[in-house]
file data05.cif (mmCIF, C-alpha atoms and all ligand atoms)
data_coords
loop_
_atom_site.label_atom_id
_atom_site.label_comp_id
_atom_site.auth_asym_id
_atom_site.auth_seq_id
_atom_site.Cartn_x
_atom_site.Cartn_y
_atom_site.Cartn_z
CA MET C 1 -33.30 101.79 29.56
CA PRO C 2 -32.28 98.75 27.52
CA ARG C 3 -33.01 98.96 23.82
CA LEU C 4 -33.59 96.49 21.02
CA ARG C 5 -31.44 96.67 17.92
CA PRO C 6 -30.73 94.29 15.02
CA TYR C 7 -28.00 91.66 15.41
CA GLY C 8 -24.49 92.44 14.14
CA PRO C 9 -21.36 90.23 13.78
CA LYS C 10 -19.85 91.65 17.02
CA ASP C 11 -22.76 89.99 18.91
CA TRP C 12 -21.73 86.50 17.74
CA PRO C 13 -19.78 85.34 20.86
CA HIS C 14 -22.54 86.58 23.19
CA PHE C 15 -25.28 85.07 21.06
CA ILE C 16 -23.55 81.70 20.80
CA ALA C 17 -22.72 81.55 24.53
CA LEU C 18 -26.29 82.32 25.64
CA GLU C 19 -27.92 80.15 23.01
CA LEU C 20 -25.68 77.18 23.71
CA ASP C 21 -26.40 77.57 27.41
CA THR C 22 -30.14 77.52 26.64
CA GLN C 23 -29.82 74.49 24.37
CA LEU C 24 -27.76 72.57 26.93
CA ASP C 25 -30.33 73.31 29.64
CA SER C 26 -33.10 72.09 27.37
CA LEU C 27 -31.43 68.68 27.01
CA GLY C 28 -32.61 67.80 30.50
CA ASP C 29 -31.66 64.22 31.32
CA SER C 30 -28.67 63.88 28.98
CA THR C 31 -25.27 62.19 28.97
CA GLU C 32 -21.95 64.05 29.04
CA THR C 33 -21.26 62.72 25.53
CA GLU C 34 -24.52 64.21 24.25
CA ARG C 35 -23.69 67.55 25.81
CA ALA C 36 -20.17 67.55 24.37
CA THR C 37 -21.56 66.66 20.94
CA LEU C 38 -24.07 69.51 21.07
CA ARG C 39 -21.31 71.98 22.06
CA GLU C 40 -19.18 70.82 19.16
CA ARG C 41 -21.96 70.76 16.55
CA PHE C 42 -23.91 73.83 17.54
CA PRO C 43 -22.45 76.50 15.19
CA ALA C 44 -22.60 74.08 12.24
CA LEU C 45 -26.22 73.21 13.07
CA LEU C 46 -27.16 76.89 13.04
CA ASP C 47 -25.34 77.32 9.76
CA VAL C 48 -26.77 74.32 7.92
CA LYS C 49 -30.30 74.13 9.37
CA MET C 50 -31.04 77.80 10.00
CA ALA C 51 -28.78 79.50 7.43
CA PHE C 52 -27.36 81.61 10.24
CA SER C 53 -23.70 82.27 10.96
CA LYS C 54 -21.54 85.04 12.41
CA ASN C 55 -22.43 87.54 9.66
CA GLY C 56 -26.17 86.98 9.99
CA PHE C 57 -28.88 85.23 7.95
CA ARG C 58 -28.26 83.97 4.42
CA ARG C 59 -31.96 83.88 3.56
CA PRO C 60 -34.87 86.25 4.16
CA GLY C 61 -37.79 85.64 6.52
CA ALA C 62 -35.92 85.80 9.82
CA GLU C 63 -34.82 88.57 12.15
CA LEU C 64 -32.61 88.57 15.20
CA TRP C 65 -32.98 91.35 17.76
CA VAL C 66 -30.43 92.07 20.44
CA LEU C 67 -31.35 93.62 23.78
CA GLU C 68 -28.60 96.03 24.76
CA GLY C 69 -28.06 97.75 28.11
CA ASP C 70 -27.21 101.41 28.67
CA ALA C 71 -23.47 100.66 28.59
CA GLY C 72 -23.82 98.65 25.37
CA GLU C 73 -23.74 95.31 27.21
CA TYR C 74 -25.44 92.26 25.68
CA LEU C 75 -28.55 91.44 27.72
CA GLY C 76 -30.33 88.99 25.46
CA HIS C 77 -31.82 88.20 22.08
CA LEU C 78 -35.03 87.41 20.23
CA TRP C 79 -35.06 85.40 16.99
CA LEU C 80 -38.23 85.63 14.89
CA SER C 81 -39.01 83.62 11.75
CA LEU C 82 -41.90 83.89 9.31
CA ARG C 83 -43.52 80.68 8.21
CA ASP C 84 -46.84 79.25 7.13
CA ASP C 85 -48.15 76.57 9.47
CA ALA C 86 -47.35 73.27 7.70
CA ARG C 87 -50.81 71.82 8.33
CA THR C 88 -53.17 74.79 8.08
CA GLY C 89 -51.18 77.25 5.98
CA THR C 90 -51.84 79.99 8.54
CA PRO C 91 -49.15 82.70 8.41
CA THR C 92 -47.27 82.39 11.68
CA LEU C 93 -44.52 84.24 13.46
CA GLN C 94 -42.25 81.69 15.08
CA VAL C 95 -40.23 82.72 18.11
CA THR C 96 -37.32 80.50 17.11
CA THR C 97 -35.51 81.34 20.31
CA LEU C 98 -35.13 84.00 22.95
CA GLY C 99 -32.88 84.40 25.95
CA ILE C 100 -31.75 86.79 28.66
CA VAL C 101 -28.25 86.47 30.14
CA ARG C 102 -28.37 84.86 33.60
CA GLU C 103 -27.32 87.94 35.53
CA ALA C 104 -30.13 90.04 34.00
CA ARG C 105 -33.03 87.61 34.47
CA GLY C 106 -36.07 88.48 36.55
CA ARG C 107 -36.14 92.13 35.47
CA ASN C 108 -38.99 91.80 32.97
CA TYR C 109 -36.66 91.72 29.97
CA GLY C 110 -38.05 88.36 28.83
CA ARG C 111 -41.50 89.91 28.89
CA LEU C 112 -40.17 92.86 26.90
CA LEU C 113 -38.81 90.53 24.20
CA MET C 114 -42.16 88.80 23.91
CA GLN C 115 -43.89 92.19 23.58
CA LYS C 116 -41.55 92.88 20.69
CA ALA C 117 -42.62 89.58 19.09
CA GLU C 118 -46.27 90.62 19.37
CA GLN C 119 -45.56 94.07 17.98
CA SER C 120 -43.65 92.56 15.06
CA ALA C 121 -46.50 90.12 14.31
CA ARG C 122 -49.07 92.93 14.36
CA GLU C 123 -46.96 95.07 12.02
CA LYS C 124 -46.82 92.17 9.59
CA GLY C 125 -50.55 91.45 9.85
CA ILE C 126 -49.81 88.03 11.38
CA GLU C 127 -52.33 86.69 13.89
CA VAL C 128 -50.51 83.66 15.28
CA ILE C 129 -47.26 83.46 17.26
CA ALA C 130 -45.79 80.00 17.87
CA LEU C 131 -42.87 78.75 19.90
CA GLU C 132 -41.40 75.58 21.31
CA VAL C 133 -40.26 75.30 24.88
CA ALA C 134 -38.49 72.49 26.72
CA GLY C 135 -40.67 70.65 29.22
CA ASN C 136 -38.10 71.26 31.98
CA ASN C 137 -38.04 75.05 31.39
CA ARG C 138 -40.44 76.09 34.12
CA ARG C 139 -39.52 79.76 34.06
CA ALA C 140 -40.09 80.19 30.34
CA ARG C 141 -43.30 78.12 30.44
CA ASP C 142 -44.64 80.32 33.26
CA LEU C 143 -43.83 83.42 31.26
CA PHE C 144 -45.54 82.18 28.09
CA LYS C 145 -48.56 80.92 30.00
CA ASP C 146 -48.89 84.26 31.75
CA LEU C 147 -48.77 86.00 28.36
CA GLY C 148 -51.69 83.87 27.13
CA TYR C 149 -49.93 81.07 25.21
CA ASP C 150 -51.63 77.66 25.09
CA THR C 151 -49.90 74.29 24.85
CA ILE C 152 -50.95 72.59 21.62
CA ARG C 153 -48.39 69.77 21.38
CA ARG C 154 -46.08 67.84 23.69
CA THR C 155 -42.99 65.96 22.62
CA MET C 156 -42.21 63.02 24.91
CA HIS C 157 -39.27 60.69 25.17
CA LYS C 158 -38.09 57.86 27.37
CA ARG C 159 -34.51 56.83 27.88
CA LEU C 160 -34.12 53.03 27.97
CA ARG C 161 -31.28 52.11 30.30
C1 LIG E 201 -37.21 82.56 30.00
C2 LIG E 201 -36.48 83.90 30.11
C3 LIG E 201 -36.31 84.49 28.72
C4 LIG E 201 -37.32 84.84 30.99
O1 LIG E 201 -36.69 86.07 31.00
P1 LIG E 201 -36.67 86.99 32.30
O2 LIG E 201 -36.18 88.32 31.88
O3 LIG E 201 -35.96 86.31 33.41
O4 LIG E 201 -38.22 87.02 32.67
P2 LIG E 201 -39.03 88.25 33.21
O5 LIG E 201 -38.23 88.99 34.24
O6 LIG E 201 -39.54 89.04 32.05
O7 LIG E 201 -40.18 87.52 33.97
C5 LIG E 201 -41.32 87.12 33.28
C6 LIG E 201 -41.99 85.98 34.01
O8 LIG E 201 -41.12 84.85 34.07
C7 LIG E 201 -41.33 84.16 35.27
N1 LIG E 201 -40.14 84.29 36.11
C8 LIG E 201 -39.24 85.30 36.15
N2 LIG E 201 -38.29 85.07 37.05
C9 LIG E 201 -38.59 83.88 37.61
C10 LIG E 201 -37.98 83.06 38.59
N3 LIG E 201 -36.86 83.45 39.23
N4 LIG E 201 -38.53 81.87 38.88
C11 LIG E 201 -39.66 81.47 38.24
N5 LIG E 201 -40.30 82.21 37.30
C12 LIG E 201 -39.76 83.38 36.99
C13 LIG E 201 -42.48 84.81 35.94
O9 LIG E 201 -43.68 84.26 35.44
C14 LIG E 201 -42.34 86.24 35.46
O10 LIG E 201 -43.52 86.91 35.58
P3 LIG E 201 -43.65 88.03 36.75
O11 LIG E 201 -42.69 89.11 36.37
O12 LIG E 201 -45.08 88.46 36.66
O13 LIG E 201 -43.29 87.36 38.03
C15 LIG E 201 -35.10 83.72 30.81
O14 LIG E 201 -35.27 83.04 32.01
C16 LIG E 201 -34.08 83.00 29.95
O15 LIG E 201 -33.37 83.61 29.16
N6 LIG E 201 -33.97 81.67 30.11
C17 LIG E 201 -33.00 80.90 29.36
C18 LIG E 201 -33.35 80.88 27.91
C19 LIG E 201 -34.71 80.29 27.69
O16 LIG E 201 -35.16 79.45 28.44
N7 LIG E 201 -35.37 80.72 26.63
C20 LIG E 201 -36.67 80.25 26.27
C21 LIG E 201 -36.54 79.20 25.23
S1 LIG E 201 -38.13 78.89 24.51
#
call {"tool": "encode", "arguments": {"input": "data05.cif", "output": "structure tokens"}}
result
Amino acid sequence: MPRLRPYGPKDWPHFIALELDTQLDSLGDSTETERATLRERFPALLDVKMAFSKNGFRRPGAELWVLEGDAGEYLGHLWLSLRDDARTGTPTLQVTTLGIVREARGRNYGRLLMQKAEQSAREKGIEVIALEVAGNNRRARDLFKDLGYDTIRRTMHKRLR
């Protein structure tokens, strides 16, 4: 049975590879230059914007869980952040990101990670879980919808050619 444990520095290459993969997929209709730029900037973005680097978080209020298989293999991760909703002040648990490695998808591990998010929110007395998902990410949207998440905002863009 896979188990969830806190992130450690040895997870860094796996975390970065899966997360970059997810971010690249979420770009949708993008140019090769944009993709190359994201690849190059990604670790620095995590460091500067999220205060996260190989050794972990530099500020409190966030947790990163790693899903590990029986043989210790990296199966996926779940990043949770505490924040108050900017408009309403409601304490919210943000699923900053989650991912399952490609070869392990479709085995209910994504569902398991989201159960962990709910459990963590309950333990903290938090009643709202929020997340952002790319419009082209059908699989993740289906999962969240099935778990009872509603869409409250859409971000739209148009590329002028
Ligand atoms: C989204 C993701 C986490 C789902 O994880 P997973 O382990 O494959 O999902 P599960 O096996 O738990 O399946 C949960 C639900 O996802 C959907 N799903 C799973 N496999 C699917 C497939 N091949 N096609 C379409 N939907 C699928 C179904 O709704 C499924 O529910 P079901 O089990 O009742 O059929 C995974 O696909 C992933 O890591 N994607 C890349 C990273 C990502 O998109 N993260 C989300 C960013 S917000």
call {"tool": "closest_atom_pairs", "arguments": {"input": "data05.cif", "of": "chain C", "to": "ligand LIG 201 (chain E)", "cutoff": "6 Å", "atoms": "only C-alpha atoms and all ligand atoms", "output": "JSON lines"}}
result
{"residue": "C:Thr22", "atom": "CA", "partner": "E:LIG201", "partner_atom": "C18", "distance": 4.8}
{"residue": "C:Thr97", "atom": "CA", "partner": "E:LIG201", "partner_atom": "C21", "distance": 5.5}
{"residue": "C:Leu98", "atom": "CA", "partner": "E:LIG201", "partner_atom": "N7", "distance": 4.9}
{"residue": "C:Gly99", "atom": "CA", "partner": "E:LIG201", "partner_atom": "O15", "distance": 3.3}
{"residue": "C:Ile100", "atom": "CA", "partner": "E:LIG201", "partner_atom": "O15", "distance": 3.6}
{"residue": "C:Val101", "atom": "CA", "partner": "E:LIG201", "partner_atom": "O15", "distance": 5.9}
{"residue": "C:Arg105", "atom": "CA", "partner": "E:LIG201", "partner_atom": "O3", "distance": 3.4}
{"residue": "C:Gly106", "atom": "CA", "partner": "E:LIG201", "partner_atom": "O5", "distance": 3.2}
{"residue": "C:Arg107", "atom": "CA", "partner": "E:LIG201", "partner_atom": "O5", "distance": 4.0}
{"residue": "C:Asn108", "atom": "CA", "partner": "E:LIG201", "partner_atom": "O6", "distance": 3.0}
{"residue": "C:Tyr109", "atom": "CA", "partner": "E:LIG201", "partner_atom": "O2", "distance": 3.9}
{"residue": "C:Gly110", "atom": "CA", "partner": "E:LIG201", "partner_atom": "O1", "distance": 3.4}
{"residue": "C:Arg111", "atom": "CA", "partner": "E:LIG201", "partner_atom": "O6", "distance": 3.8}
{"residue": "C:Glu132", "atom": "CA", "partner": "E:LIG201", "partner_atom": "S1", "distance": 5.6}
{"residue": "C:Val133", "atom": "CA", "partner": "E:LIG201", "partner_atom": "S1", "distance": 4.2}
{"residue": "C:Arg139", "atom": "CA", "partner": "E:LIG201", "partner_atom": "N5", "distance": 4.1}
{"residue": "C:Ala140", "atom": "CA", "partner": "E:LIG201", "partner_atom": "C1", "distance": 3.7}
{"residue": "C:Asp142", "atom": "CA", "partner": "E:LIG201", "partner_atom": "O9", "distance": 4.6}
{"residue": "C:Leu143", "atom": "CA", "partner": "E:LIG201", "partner_atom": "O8", "distance": 4.2}
call {"tool": "closest_residue", "arguments": {"input": "data05.cif", "among": "C:Arg39, C:Lys54, C:Lys49, C:Lys116", "to": "Trp12 in chain C", "atoms": "all atoms listed in the file"}}
result
C:Lys54
call {"tool": "closest_residue", "arguments": {"input": "data05.cif", "among": "C:Phe52, C:Tyr7, C:Phe42, C:Phe144", "to": "Leu67 in chain C", "atoms": "only C-alpha atoms"}}
result
C:Tyr7
call {"tool": "residues_around", "arguments": {"input": "data05.cif", "residues": "Ile129 in chain C", "least_positions_apart": "2", "cutoff": "9 Å", "atoms": "only C-alpha atoms", "output": "list in words"}}
result
Thr92, Leu93, Gln94, Val95, Ala117, Glu118, Ala121, Ile126, Glu127, Leu131 and Tyr149 of chain C
call {"tool": "axis_aligned_box", "arguments": {"input": "data05.cif", "around": "range 98-105 of chain C", "padding_each_side": "3 Å", "output": "AutoDock Vina command-line options"}}
result
--center_x -31.2 --center_y 87.0 --center_z 29.2 --size_x 13.8 --size_y 12.0 --size_z 18.6
call {"tool": "atom_distance", "arguments": {"input": "data05.cif", "atom1": "CA of Leu18 in chain C", "atom2": "CA of Leu75 in chain C"}}
result
9.6 Å
call {"tool": "atom_distance", "arguments": {"input": "data05.cif", "atom1": "CA of Asp146 in chain C", "atom2": "CA of Asp25 in chain C"}}
result
21.7 Å
call {"tool": "atom_distance", "arguments": {"input": "data05.cif", "atom1": "CA of Leu147 in chain C", "atom2": "CA of Ser120 in chain C"}}
result
15.7 Å
call {"tool": "residues_near_point", "arguments": {"input": "data05.cif", "point": "(-28.1, 91.7, 17.9)", "cutoff": "10 Å", "atoms": "only C-alpha atoms", "output": "JSON, numbers by chain"}}
result
{"C": [4, 5, 6, 7, 8, 9, 10, 11, 12, 14, 15, 56, 63, 64, 65, 66, 67, 68, 74, 75, 76, 77, 78, 79]}
